[in-house]
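J.: There's a structure below that I have some questions on.
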Amino acid sequence: MTDNSDAAQQLRPGLWQTINERYPGSMITKESYVSLARLRKPLRESRLTFVSTGGVQPKGTLPFDTVHPVGDYTFRRVPSHLKPADLEIHQLKYPTAGAMRDLNVIFPIERLQELAAEGIIGSLAPNFFSFIGYNMNPEALERTLAEDIAEAVEADGADVALLSPA
Amino acid sequence: MSLQYLKEAVANNDTEKLIRYVRMHFGDGDEAAGRKEIDKAWTQALKLLLDVPETDREFILETLAEKNAATLAHLFFHLHFYFVRRSGEWIHDGQL
(Lines give C-alpha, C1' and ligand atoms only; values in the text may rest on other atoms or scores of the structure.)
Protein backbone atom coordinates (compact mmCIF):
# COMPACT_ATOMS: atom_id res chain seq x y z
CA MET A 1 0.00 0.00 0.00
CA THR A 2 0.99 3.58 -0.47
CA ASP A 3 3.10 5.29 2.15
CA ASN A 4 1.09 8.41 2.89
CA SER A 5 4.13 10.51 3.71
CA ASP A 6 5.63 9.78 0.29
CA ALA A 7 2.29 10.16 -1.46
CA ALA A 8 1.75 13.56 0.12
CA GLN A 9 4.82 14.86 -1.68
CA GLN A 10 3.20 14.02 -5.00
CA LEU A 11 -0.18 15.55 -4.22
CA ARG A 12 -1.37 19.12 -4.35
CA PRO A 13 -0.56 20.68 -0.95
CA GLY A 14 -3.47 20.18 1.45
CA LEU A 15 -5.32 17.71 -0.78
CA TRP A 16 -4.91 14.80 1.63
CA GLN A 17 -6.35 16.90 4.47
CA THR A 18 -9.20 18.09 2.24
CA ILE A 19 -10.17 14.52 1.36
CA ASN A 20 -10.10 13.44 5.00
CA GLU A 21 -12.31 16.38 6.00
CA ARG A 22 -14.81 15.84 3.21
CA TYR A 23 -14.94 12.06 3.23
CA PRO A 24 -14.13 11.07 6.84
CA GLY A 25 -13.54 7.38 7.19
CA SER A 26 -13.13 6.81 3.47
CA MET A 27 -9.34 6.70 3.42
CA ILE A 28 -8.02 3.21 3.85
CA THR A 29 -5.28 2.61 6.36
CA LYS A 30 -3.53 -0.72 6.32
CA GLU A 31 -1.67 -2.54 9.02
CA SER A 32 -0.69 -5.40 6.75
CA TYR A 33 1.13 -5.10 3.49
CA VAL A 34 1.58 -7.41 0.54
CA SER A 35 5.19 -7.39 -0.49
CA LEU A 36 5.89 -6.23 -4.01
CA ALA A 37 6.78 -9.19 -6.19
CA ARG A 38 10.07 -9.08 -8.04
CA LEU A 39 10.13 -9.55 -11.78
CA ARG A 40 10.91 -13.14 -12.66
CA LYS A 41 12.08 -12.23 -16.14
CA PRO A 42 13.12 -9.07 -17.95
CA LEU A 43 10.42 -6.60 -18.94
CA ARG A 44 11.26 -7.17 -22.61
CA GLU A 45 10.17 -10.79 -22.14
CA SER A 46 7.16 -10.07 -19.92
CA ARG A 47 3.47 -9.81 -20.69
CA LEU A 48 2.09 -6.63 -19.17
CA THR A 49 -1.40 -5.61 -18.13
CA PHE A 50 -2.67 -2.26 -16.93
CA VAL A 51 -5.13 -1.64 -14.07
CA SER A 52 -6.68 1.79 -13.64
CA THR A 53 -9.23 3.52 -11.41
CA GLY A 54 -9.94 5.96 -14.22
CA GLY A 55 -13.41 4.72 -15.12
CA VAL A 56 -12.29 4.06 -18.70
CA GLN A 57 -14.36 1.53 -20.61
CA PRO A 58 -15.09 0.36 -24.15
CA LYS A 59 -17.93 2.25 -25.78
CA GLY A 60 -21.11 0.23 -25.63
CA THR A 61 -20.38 -1.45 -22.31
CA LEU A 62 -22.58 -0.77 -19.28
CA PRO A 63 -21.48 2.61 -17.91
CA PHE A 64 -19.89 2.65 -14.49
CA ASP A 65 -22.41 3.65 -11.85
CA THR A 66 -21.20 7.13 -10.97
CA VAL A 67 -24.39 8.12 -9.13
CA HIS A 68 -24.65 5.31 -6.58
CA PRO A 69 -23.99 6.76 -3.11
CA VAL A 70 -21.88 3.80 -2.00
CA GLY A 71 -20.00 3.19 -5.23
CA ASP A 72 -19.64 0.67 -8.03
CA TYR A 73 -17.69 -2.52 -7.34
CA THR A 74 -17.55 -3.81 -10.88
CA PHE A 75 -14.71 -3.64 -13.38
CA ARG A 76 -14.47 -3.55 -17.14
CA ARG A 77 -12.09 -5.40 -19.39
CA VAL A 78 -10.49 -3.09 -21.91
CA PRO A 79 -8.99 -5.08 -24.80
CA SER A 80 -5.40 -3.88 -25.03
CA HIS A 81 -5.50 -3.51 -28.83
CA LEU A 82 -8.21 -0.82 -28.73
CA LYS A 83 -7.67 2.82 -29.63
CA PRO A 84 -8.77 5.83 -27.56
CA ALA A 85 -11.62 6.42 -30.01
CA ASP A 86 -13.04 3.05 -28.94
CA LEU A 87 -13.12 4.09 -25.28
CA GLU A 88 -14.99 6.50 -23.03
CA ILE A 89 -14.78 7.68 -19.43
CA HIS A 90 -17.55 7.34 -16.87
CA GLN A 91 -16.29 9.02 -13.72
CA LEU A 92 -17.22 12.21 -11.86
CA LYS A 93 -14.67 12.47 -9.11
CA TYR A 94 -11.45 13.46 -10.84
CA PRO A 95 -10.68 16.15 -13.43
CA THR A 96 -11.29 14.57 -16.82
CA ALA A 97 -10.79 17.60 -19.09
CA GLY A 98 -7.24 16.57 -20.02
CA ALA A 99 -8.19 12.94 -20.50
CA MET A 100 -11.03 13.96 -22.80
CA ARG A 101 -8.47 15.63 -25.07
CA ASP A 102 -6.01 12.74 -24.89
CA LEU A 103 -7.08 9.59 -23.09
CA ASN A 104 -3.46 8.49 -22.80
CA VAL A 105 -2.86 10.94 -19.95
CA ILE A 106 -5.04 8.79 -17.71
CA PHE A 107 -5.10 5.50 -19.59
CA PRO A 108 -1.90 5.24 -21.67
CA ILE A 109 -3.09 2.49 -23.98
CA GLU A 110 -1.31 3.84 -27.06
CA ARG A 111 1.95 4.42 -25.19
CA LEU A 112 1.90 0.84 -23.92
CA GLN A 113 1.11 -0.45 -27.43
CA GLU A 114 4.12 1.51 -28.71
CA LEU A 115 6.40 0.13 -25.99
CA ALA A 116 5.29 -3.39 -26.89
CA ALA A 117 5.83 -2.74 -30.60
CA GLU A 118 9.33 -1.43 -29.85
CA GLY A 119 10.13 -4.52 -27.80
CA ILE A 120 10.65 -2.63 -24.55
CA ILE A 121 7.73 -4.64 -23.16
CA GLY A 122 7.54 -8.27 -24.27
CA SER A 123 3.83 -8.13 -25.05
CA LEU A 124 0.54 -6.81 -23.76
CA ALA A 125 -1.97 -9.05 -22.02
CA PRO A 126 -5.20 -9.37 -24.02
CA ASN A 127 -7.05 -7.10 -21.60
CA PHE A 128 -6.44 -4.09 -19.43
CA PHE A 129 -8.74 -3.43 -16.45
CA SER A 130 -10.63 -0.41 -15.25
CA PHE A 131 -12.94 0.53 -12.39
CA ILE A 132 -13.98 3.69 -10.56
CA GLY A 133 -12.31 4.78 -7.38
CA TYR A 134 -15.37 6.29 -5.68
CA ASN A 135 -16.12 3.39 -3.36
CA MET A 136 -17.25 3.83 0.23
CA ASN A 137 -16.90 0.18 1.25
CA PRO A 138 -13.18 -0.55 1.60
CA GLU A 139 -13.84 -4.21 2.43
CA ALA A 140 -15.83 -4.80 -0.77
CA LEU A 141 -13.17 -2.92 -2.68
CA GLU A 142 -10.43 -5.17 -1.34
CA ARG A 143 -12.22 -8.48 -0.91
CA THR A 144 -14.41 -8.42 -4.01
CA LEU A 145 -13.27 -5.98 -6.66
CA ALA A 146 -9.52 -6.32 -6.14
CA GLU A 147 -9.74 -10.10 -5.87
CA ASP A 148 -11.89 -10.32 -9.01
CA ILE A 149 -9.43 -8.22 -10.98
CA ALA A 150 -6.47 -10.19 -9.63
CA GLU A 151 -8.09 -13.43 -10.83
CA ALA A 152 -8.78 -11.93 -14.25
CA VAL A 153 -5.20 -10.67 -14.52
CA GLU A 154 -3.89 -14.11 -13.65
CA ALA A 155 -6.22 -15.79 -16.13
CA ASP A 156 -4.84 -13.52 -18.84
CA GLY A 157 -1.34 -14.77 -18.10
CA ALA A 158 0.11 -11.38 -17.23
CA ASP A 159 3.60 -11.31 -15.74
CA VAL A 160 3.46 -7.64 -14.79
CA ALA A 161 0.58 -5.38 -13.73
CA LEU A 162 1.00 -1.64 -13.99
CA LEU A 163 -1.36 -0.02 -11.47
CA SER A 164 -2.49 3.57 -11.85
CA PRO A 165 -4.87 5.57 -9.65
CA ALA A 166 -6.83 8.32 -11.37
CA MET B 1 -17.37 8.68 4.71
CA SER B 2 -17.03 4.96 4.79
CA LEU B 3 -19.98 2.59 4.61
CA GLN B 4 -19.35 1.66 8.24
CA TYR B 5 -19.61 5.35 9.21
CA LEU B 6 -22.95 5.59 7.42
CA LYS B 7 -24.31 2.37 8.92
CA GLU B 8 -23.46 3.62 12.39
CA ALA B 9 -25.34 6.82 11.59
CA VAL B 10 -28.37 4.74 10.57
CA ALA B 11 -28.14 2.67 13.77
CA ASN B 12 -27.98 5.85 15.83
CA ASN B 13 -30.74 7.51 13.81
CA ASP B 14 -28.28 10.30 13.08
CA THR B 15 -30.07 11.75 10.07
CA GLU B 16 -27.86 14.84 10.06
CA LYS B 17 -24.83 12.68 9.28
CA LEU B 18 -26.76 10.91 6.53
CA ILE B 19 -28.05 14.03 4.80
CA ARG B 20 -24.61 15.59 5.14
CA TYR B 21 -23.23 12.62 3.25
CA VAL B 22 -25.86 13.01 0.52
CA ARG B 23 -24.99 16.70 0.17
CA MET B 24 -21.30 15.90 -0.06
CA HIS B 25 -21.93 13.15 -2.60
CA PHE B 26 -23.87 15.57 -4.79
CA GLY B 27 -21.34 18.33 -4.21
CA ASP B 28 -18.25 16.18 -4.87
CA GLY B 29 -17.17 16.60 -1.27
CA ASP B 30 -18.40 20.18 -0.83
CA GLU B 31 -21.46 20.20 1.41
CA ALA B 32 -22.58 23.72 0.53
CA ALA B 33 -22.27 22.93 -3.17
CA GLY B 34 -24.27 19.75 -2.66
CA ARG B 35 -27.07 21.67 -1.00
CA LYS B 36 -27.25 23.93 -4.05
CA GLU B 37 -27.21 20.90 -6.33
CA ILE B 38 -30.25 19.43 -4.58
CA ASP B 39 -32.07 22.74 -5.02
CA LYS B 40 -30.98 22.84 -8.66
CA ALA B 41 -32.39 19.38 -9.38
CA TRP B 42 -35.75 20.12 -7.74
CA THR B 43 -36.18 23.46 -9.47
CA GLN B 44 -35.42 21.82 -12.80
CA ALA B 45 -38.05 19.16 -12.15
CA LEU B 46 -40.57 21.81 -11.12
CA LYS B 47 -39.95 23.94 -14.21
CA LEU B 48 -40.71 20.97 -16.45
CA LEU B 49 -44.17 20.60 -14.96
CA LEU B 50 -45.33 24.21 -14.80
CA ASP B 51 -47.06 24.06 -18.18
CA VAL B 52 -48.68 20.80 -17.15
CA PRO B 53 -47.43 18.79 -20.13
CA GLU B 54 -48.79 15.33 -20.71
CA THR B 55 -46.79 12.80 -18.74
CA ASP B 56 -46.73 9.03 -18.69
CA ARG B 57 -48.45 8.41 -15.37
CA GLU B 58 -49.05 4.76 -16.22
CA PHE B 59 -45.31 4.26 -16.50
CA ILE B 60 -44.78 6.09 -13.22
CA LEU B 61 -47.42 4.15 -11.33
CA GLU B 62 -46.35 0.81 -12.79
CA THR B 63 -42.73 1.55 -11.92
CA LEU B 64 -43.61 2.49 -8.37
CA ALA B 65 -45.80 -0.58 -7.98
CA GLU B 66 -43.52 -3.13 -9.61
CA LYS B 67 -39.97 -2.15 -8.78
CA ASN B 68 -38.41 -2.75 -5.40
CA ALA B 69 -37.55 0.08 -3.06
CA ALA B 70 -33.79 -0.24 -3.58
CA THR B 71 -34.19 0.09 -7.36
CA LEU B 72 -36.37 3.15 -6.85
CA ALA B 73 -33.80 4.64 -4.46
CA HIS B 74 -31.12 4.07 -7.08
CA LEU B 75 -33.38 5.69 -9.66
CA PHE B 76 -33.83 8.65 -7.29
CA PHE B 77 -30.07 9.25 -7.34
CA HIS B 78 -30.02 8.90 -11.13
CA LEU B 79 -32.84 11.41 -11.43
CA HIS B 80 -30.94 13.94 -9.33
CA PHE B 81 -27.99 13.86 -11.72
CA TYR B 82 -30.32 13.78 -14.73
CA PHE B 83 -31.99 17.04 -13.73
CA VAL B 84 -28.71 18.67 -12.73
CA ARG B 85 -27.29 17.82 -16.17
CA ARG B 86 -30.45 19.15 -17.80
CA SER B 87 -29.97 22.44 -16.00
CA GLY B 88 -26.81 23.04 -18.01
CA GLU B 89 -24.90 23.89 -14.84
CA TRP B 90 -22.72 20.82 -14.47
CA ILE B 91 -20.21 21.15 -11.66
CA HIS B 92 -18.80 17.63 -11.73
CA ASP B 93 -15.48 18.41 -13.32
CA GLY B 94 -13.50 16.52 -10.67
CA GLN B 95 -11.96 19.62 -9.11
CA LEU B 96 -11.90 19.26 -5.33
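Each chain in the C-alpha coordinates gets a letter, A, B and so on, in the order shown; residues start at 1 in every chain, and ligands are counted from 1 in the order they appear.
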When you look at segment 104-115 of chain A with a cut-off of 8 Å (counting only C-alpha atoms), what residues show up, excluding the ones that are within fewer than 5 positions of it in the same chain? I need them as a list in words.

T.: Ser52, Gly54, Val56, Ser80, His81, Leu82, Lys83, Pro84, Gly98, Ala99, Ile120, Ile121, Leu124 and Ala166 of chain A

J.: Would you pick out the contacts of Arg77 of chain A at 7 Å or less, using only C-alpha atoms, so that residues sharing its chain but fewer than 3 positions from it are not included, and give the list as number ranges by chain?

T.: A: 127-130

J.: For the residues in the current selection, export all heavy atoms as a PDB file, in the first residue's frame.

T.:
```pdb
ATOM      1  N   ASN A 127      -6.164  -8.104 -22.179  1.00  0.00           N
ATOM      2  CA  ASN A 127      -7.050  -7.096 -21.601  1.00  0.00           C
ATOM      3  C   ASN A 127      -6.331  -6.214 -20.587  1.00  0.00           C
ATOM      4  O   ASN A 127      -5.457  -6.689 -19.858  1.00  0.00           O
ATOM      5  CB  ASN A 127      -8.223  -7.765 -20.862  1.00  0.00           C
ATOM      6  CG  ASN A 127      -9.097  -8.572 -21.788  1.00  0.00           C
ATOM      7  OD1 ASN A 127      -9.782  -8.020 -22.643  1.00  0.00           O
ATOM      8  ND2 ASN A 127      -9.069  -9.883 -21.639  1.00  0.00           N
ATOM      9  N   PHE A 128      -6.734  -4.956 -20.559  1.00  0.00           N
ATOM     10  CA  PHE A 128      -6.436  -4.090 -19.431  1.00  0.00           C
ATOM     11  C   PHE A 128      -7.712  -4.055 -18.567  1.00  0.00           C
ATOM     12  O   PHE A 128      -8.760  -4.562 -18.978  1.00  0.00           O
ATOM     13  CB  PHE A 128      -6.072  -2.680 -19.901  1.00  0.00           C
ATOM     14  CG  PHE A 128      -4.783  -2.611 -20.680  1.00  0.00           C
ATOM     15  CD1 PHE A 128      -4.500  -1.491 -21.481  1.00  0.00           C
ATOM     16  CD2 PHE A 128      -3.843  -3.619 -20.626  1.00  0.00           C
ATOM     17  CE1 PHE A 128      -3.321  -1.417 -22.197  1.00  0.00           C
ATOM     18  CE2 PHE A 128      -2.653  -3.544 -21.342  1.00  0.00           C
ATOM     19  CZ  PHE A 128      -2.401  -2.439 -22.131  1.00  0.00           C
ATOM     20  N   PHE A 129      -7.612  -3.404 -17.391  1.00  0.00           N
ATOM     21  CA  PHE A 129      -8.744  -3.435 -16.455  1.00  0.00           C
ATOM     22  C   PHE A 129      -9.001  -2.045 -15.878  1.00  0.00           C
ATOM     23  O   PHE A 129      -8.062  -1.298 -15.606  1.00  0.00           O
ATOM     24  CB  PHE A 129      -8.473  -4.442 -15.331  1.00  0.00           C
ATOM     25  CG  PHE A 129      -8.287  -5.834 -15.853  1.00  0.00           C
ATOM     26  CD1 PHE A 129      -7.031  -6.300 -16.197  1.00  0.00           C
ATOM     27  CD2 PHE A 129      -9.372  -6.662 -16.049  1.00  0.00           C
ATOM     28  CE1 PHE A 129      -6.853  -7.571 -16.722  1.00  0.00           C
ATOM     29  CE2 PHE A 129      -9.217  -7.933 -16.573  1.00  0.00           C
ATOM     30  CZ  PHE A 129      -7.949  -8.394 -16.914  1.00  0.00           C
ATOM     31  N   SER A 130     -10.272  -1.749 -15.705  1.00  0.00           N
ATOM     32  CA  SER A 130     -10.630  -0.414 -15.251  1.00  0.00           C
ATOM     33  C   SER A 130     -11.820  -0.480 -14.293  1.00  0.00           C
ATOM     34  O   SER A 130     -12.715  -1.313 -14.455  1.00  0.00           O
ATOM     35  CB  SER A 130     -10.989   0.435 -16.477  1.00  0.00           C
ATOM     36  OG  SER A 130     -11.418   1.713 -16.098  1.00  0.00           O
TER      37      SER A 130
END
```

J.: Rounded to one decimal in Å, what is the spacing between atom CA of His80 of chain B and atom CA of Ala41 of chain B?

T.: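 Computing it gives 5.6 Å between the two atoms.
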
J.: Env of Leu43 of chain A: 9 Å cut, atoms = only C-alpha atoms, seq-sep filter 2 positions within chain, self excluded. Answer as a ChimeraX atom specification.

T.: /A:39,41,45-48,120-122,159-160

J.: Go ahead and dump the residues you just picked, all heavy atoms, as a CSV table (one decimal), in the first residue's frame.

T.:
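What follows is the written file again24.csv:
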```
chain,number,residue,atom,x,y,z
A,39,LEU,N,10.3,-9.0,-10.4
A,39,LEU,CA,10.1,-9.6,-11.8
A,39,LEU,C,10.9,-10.9,-11.9
A,39,LEU,O,12.0,-11.0,-11.4
A,39,LEU,CB,10.7,-8.6,-12.8
A,39,LEU,CG,9.8,-7.5,-13.3
A,39,LEU,CD1,10.5,-6.6,-14.3
A,39,LEU,CD2,8.6,-8.0,-14.0
A,41,LYS,N,11.3,-12.3,-14.9
A,41,LYS,CA,12.1,-12.2,-16.1
A,41,LYS,C,12.1,-10.8,-16.6
A,41,LYS,O,11.4,-9.9,-16.1
A,41,LYS,CB,11.4,-13.1,-17.2
A,41,LYS,CG,9.9,-13.0,-17.4
A,41,LYS,CD,9.4,-14.0,-18.3
A,41,LYS,CE,7.9,-14.0,-18.3
A,41,LYS,NZ,7.3,-15.1,-19.1
A,45,GLU,N,10.7,-9.4,-21.9
A,45,GLU,CA,10.2,-10.8,-22.1
A,45,GLU,C,8.8,-11.0,-21.4
A,45,GLU,O,8.3,-12.1,-21.5
A,45,GLU,CB,11.2,-11.8,-21.6
A,45,GLU,CG,12.5,-11.8,-22.4
A,45,GLU,CD,13.5,-12.7,-21.7
A,45,GLU,OE1,13.1,-13.6,-20.9
A,45,GLU,OE2,14.7,-12.6,-22.0
A,46,SER,N,8.4,-9.9,-20.8
A,46,SER,CA,7.2,-10.1,-19.9
A,46,SER,C,5.9,-9.6,-20.6
A,46,SER,O,5.9,-8.8,-21.5
A,46,SER,CB,7.3,-9.2,-18.7
A,46,SER,OG,8.4,-9.7,-17.9
A,47,ARG,N,4.8,-10.2,-20.2
A,47,ARG,CA,3.5,-9.8,-20.7
A,47,ARG,C,2.9,-8.9,-19.7
A,47,ARG,O,2.8,-9.2,-18.5
A,47,ARG,CB,2.6,-11.0,-20.9
A,47,ARG,CG,1.2,-10.7,-21.3
A,47,ARG,CD,0.3,-12.0,-21.4
A,47,ARG,NE,0.6,-12.7,-22.6
A,47,ARG,CZ,-0.1,-13.7,-23.1
A,47,ARG,NH1,-1.2,-14.1,-22.5
A,47,ARG,NH2,0.2,-14.3,-24.2
A,48,LEU,N,2.5,-7.7,-20.1
A,48,LEU,CA,2.1,-6.6,-19.2
A,48,LEU,C,0.6,-6.4,-19.3
A,48,LEU,O,0.0,-6.3,-20.4
A,48,LEU,CB,2.9,-5.3,-19.5
A,48,LEU,CG,2.6,-4.1,-18.6
A,48,LEU,CD1,3.9,-3.4,-18.2
A,48,LEU,CD2,1.6,-3.2,-19.3
A,120,ILE,N,10.3,-3.0,-25.9
A,120,ILE,CA,10.7,-2.6,-24.5
A,120,ILE,C,9.8,-3.5,-23.5
A,120,ILE,O,10.3,-3.9,-22.5
A,120,ILE,CB,10.5,-1.1,-24.3
A,120,ILE,CG1,11.4,-0.4,-25.3
A,120,ILE,CG2,10.7,-0.7,-22.9
A,120,ILE,CD1,11.2,1.1,-25.3
A,121,ILE,N,8.6,-3.7,-23.9
A,121,ILE,CA,7.7,-4.6,-23.2
A,121,ILE,C,7.6,-5.9,-24.1
A,121,ILE,O,7.4,-5.7,-25.3
A,121,ILE,CB,6.3,-4.0,-22.9
A,121,ILE,CG1,6.4,-2.8,-22.0
A,121,ILE,CG2,5.4,-5.1,-22.3
A,121,ILE,CD1,5.1,-2.0,-22.0
A,122,GLY,N,7.6,-7.1,-23.5
A,122,GLY,CA,7.5,-8.3,-24.3
A,122,GLY,C,6.3,-8.3,-25.1
A,122,GLY,O,6.3,-8.5,-26.3
A,159,ASP,N,2.4,-11.2,-16.6
A,159,ASP,CA,3.6,-11.3,-15.7
A,159,ASP,C,3.7,-10.1,-14.9
A,159,ASP,O,4.3,-10.1,-13.8
A,159,ASP,CB,4.9,-11.5,-16.6
A,159,ASP,CG,4.8,-12.7,-17.4
A,159,ASP,OD1,4.6,-13.8,-16.9
A,159,ASP,OD2,5.0,-12.6,-18.7
A,160,VAL,N,3.3,-8.9,-15.4
A,160,VAL,CA,3.5,-7.6,-14.8
A,160,VAL,C,2.1,-6.9,-14.9
A,160,VAL,O,1.5,-6.9,-15.9
A,160,VAL,CB,4.5,-6.8,-15.5
A,160,VAL,CG1,4.7,-5.5,-14.8
A,160,VAL,CG2,5.8,-7.5,-15.6
```

J.: For a quick test of understanding: name the residues of chain B lying within 7 Å of chain A when counting only C-alpha atoms, and present them as a VMD selection string.

T.: chain B and resid 1 to 3 5 25 28 to 30 74 77 to 78 92 to 95

J.: May I have all residues of segment 125-165 of chain A that DSSP, computed from the backbone, assigns to alpha helix (DSSP H), given as an MDAnalysis selection string?

T.: chainID A and resid 138:140 147:155

J.: Considering only C-alpha atoms, can you say which of A:Ala146, A:Phe64, A:Gly157, A:Tyr73 comes closest to Val51 of chain A?

T.: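 Comparing A:Ala146, A:Phe64, A:Gly157, A:Tyr73 against Val51 of chain A, the winner is A:Ala146.
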
J.: Using DSSP on the backbone coordinates, identify all residues within segment 71-146 of chain A classified as strand (DSSP E); present the result as a list in words.

T.: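 Assigned to strand (DSSP E), within segment 71-146 of chain A: Arg76, Arg77, Val78, Pro79, Leu87, Glu88, Ile89, Ser123, Leu124, Asn127, Phe128, Phe129 and Ser130 of chain A.
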
J.: Residues within 12 Å of Ser87 of chain B, please, as a list in words. Count only C-alpha atoms; anything in the same chain fewer than 6 positions from it doesn't count.

T.: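 That gives Glu37, Ile38, Asp39, Lys40, Ala41, Trp42, Thr43, Gln44, Ala45, Leu46, Lys47, Leu48, His80 and Phe81 of chain B.
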
J.: Neighbours of Ile19 of chain B within 12 Å (only C-alpha atoms; same-chain residues fewer than 4 positions away dropped), as a list in words?

T.: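 What passes the distance filter is Pro69 of chain A; Met1, Leu6, Ala9, Val10, Asn13, Asp14, Thr15, Arg23, Met24, His25, Phe26, Glu31, Ala32, Gly34, Arg35 and Ile38 of chain B.
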
J.: Keeping N, CA, C and O atoms for every residue in the selection just given, could you write it to a file as a CSV table (one decimal), in the first residue's frame?

T.:
```csv
chain,number,residue,atom,x,y,z
A,69,PRO,N,-24.6,6.1,-4.3
A,69,PRO,CA,-24.0,6.8,-3.1
A,69,PRO,C,-22.9,5.9,-2.4
A,69,PRO,O,-22.1,6.5,-1.7
B,1,MET,N,-16.8,9.5,3.6
B,1,MET,CA,-17.4,8.7,4.7
B,1,MET,C,-17.4,7.2,4.3
B,1,MET,O,-17.9,6.9,3.2
B,6,LEU,N,-21.6,5.3,7.8
B,6,LEU,CA,-23.0,5.6,7.4
B,6,LEU,C,-23.9,4.6,8.1
B,6,LEU,O,-25.0,5.0,8.6
B,9,ALA,N,-24.4,5.7,11.6
B,9,ALA,CA,-25.3,6.8,11.6
B,9,ALA,C,-26.8,6.3,11.5
B,9,ALA,O,-27.7,6.8,12.2
B,10,VAL,N,-27.0,5.3,10.7
B,10,VAL,CA,-28.4,4.7,10.6
B,10,VAL,C,-28.8,4.1,11.9
B,10,VAL,O,-29.9,4.3,12.4
B,13,ASN,N,-29.7,6.6,14.3
B,13,ASN,CA,-30.7,7.5,13.8
B,13,ASN,C,-30.2,8.9,13.7
B,13,ASN,O,-30.9,9.9,13.9
B,14,ASP,N,-28.9,9.0,13.2
B,14,ASP,CA,-28.3,10.3,13.1
B,14,ASP,C,-28.5,10.8,11.7
B,14,ASP,O,-27.7,10.7,10.8
B,15,THR,N,-29.7,11.3,11.4
B,15,THR,CA,-30.1,11.7,10.1
B,15,THR,C,-29.2,12.9,9.6
B,15,THR,O,-29.0,13.1,8.4
B,23,ARG,N,-25.4,15.4,0.7
B,23,ARG,CA,-25.0,16.7,0.2
B,23,ARG,C,-23.6,16.6,-0.4
B,23,ARG,O,-23.3,17.2,-1.4
B,24,MET,N,-22.7,16.0,0.4
B,24,MET,CA,-21.3,15.9,-0.1
B,24,MET,C,-21.1,15.0,-1.3
B,24,MET,O,-20.3,15.3,-2.2
B,25,HIS,N,-22.0,14.0,-1.4
B,25,HIS,CA,-21.9,13.2,-2.6
B,25,HIS,C,-22.3,14.0,-3.8
B,25,HIS,O,-21.7,13.9,-4.9
B,26,PHE,N,-23.4,14.8,-3.7
B,26,PHE,CA,-23.9,15.6,-4.8
B,26,PHE,C,-23.0,16.8,-5.1
B,26,PHE,O,-23.0,17.3,-6.2
B,31,GLU,N,-20.1,20.3,0.9
B,31,GLU,CA,-21.5,20.2,1.4
B,31,GLU,C,-22.3,21.4,0.9
B,31,GLU,O,-23.5,21.2,0.5
B,32,ALA,N,-21.8,22.6,1.0
B,32,ALA,CA,-22.6,23.7,0.5
B,32,ALA,C,-22.9,23.6,-0.9
B,32,ALA,O,-24.1,23.9,-1.4
B,34,GLY,N,-23.3,20.8,-2.5
B,34,GLY,CA,-24.3,19.8,-2.7
B,34,GLY,C,-25.7,20.2,-2.3
B,34,GLY,O,-26.6,19.8,-3.0
B,35,ARG,N,-25.8,21.1,-1.4
B,35,ARG,CA,-27.1,21.7,-1.0
B,35,ARG,C,-27.7,22.4,-2.2
B,35,ARG,O,-28.8,22.3,-2.5
B,38,ILE,N,-28.9,20.0,-4.9
B,38,ILE,CA,-30.2,19.4,-4.6
B,38,ILE,C,-31.3,20.4,-5.0
B,38,ILE,O,-32.3,20.1,-5.6
```

J.: With distances taken over only C-alpha atoms, which residue among B:Thr55, B:Leu72, B:Arg20, B:Tyr82 lies nearest Ala33 of chain B?

T.: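 Nearest to Ala33 of chain B: B:Arg20.
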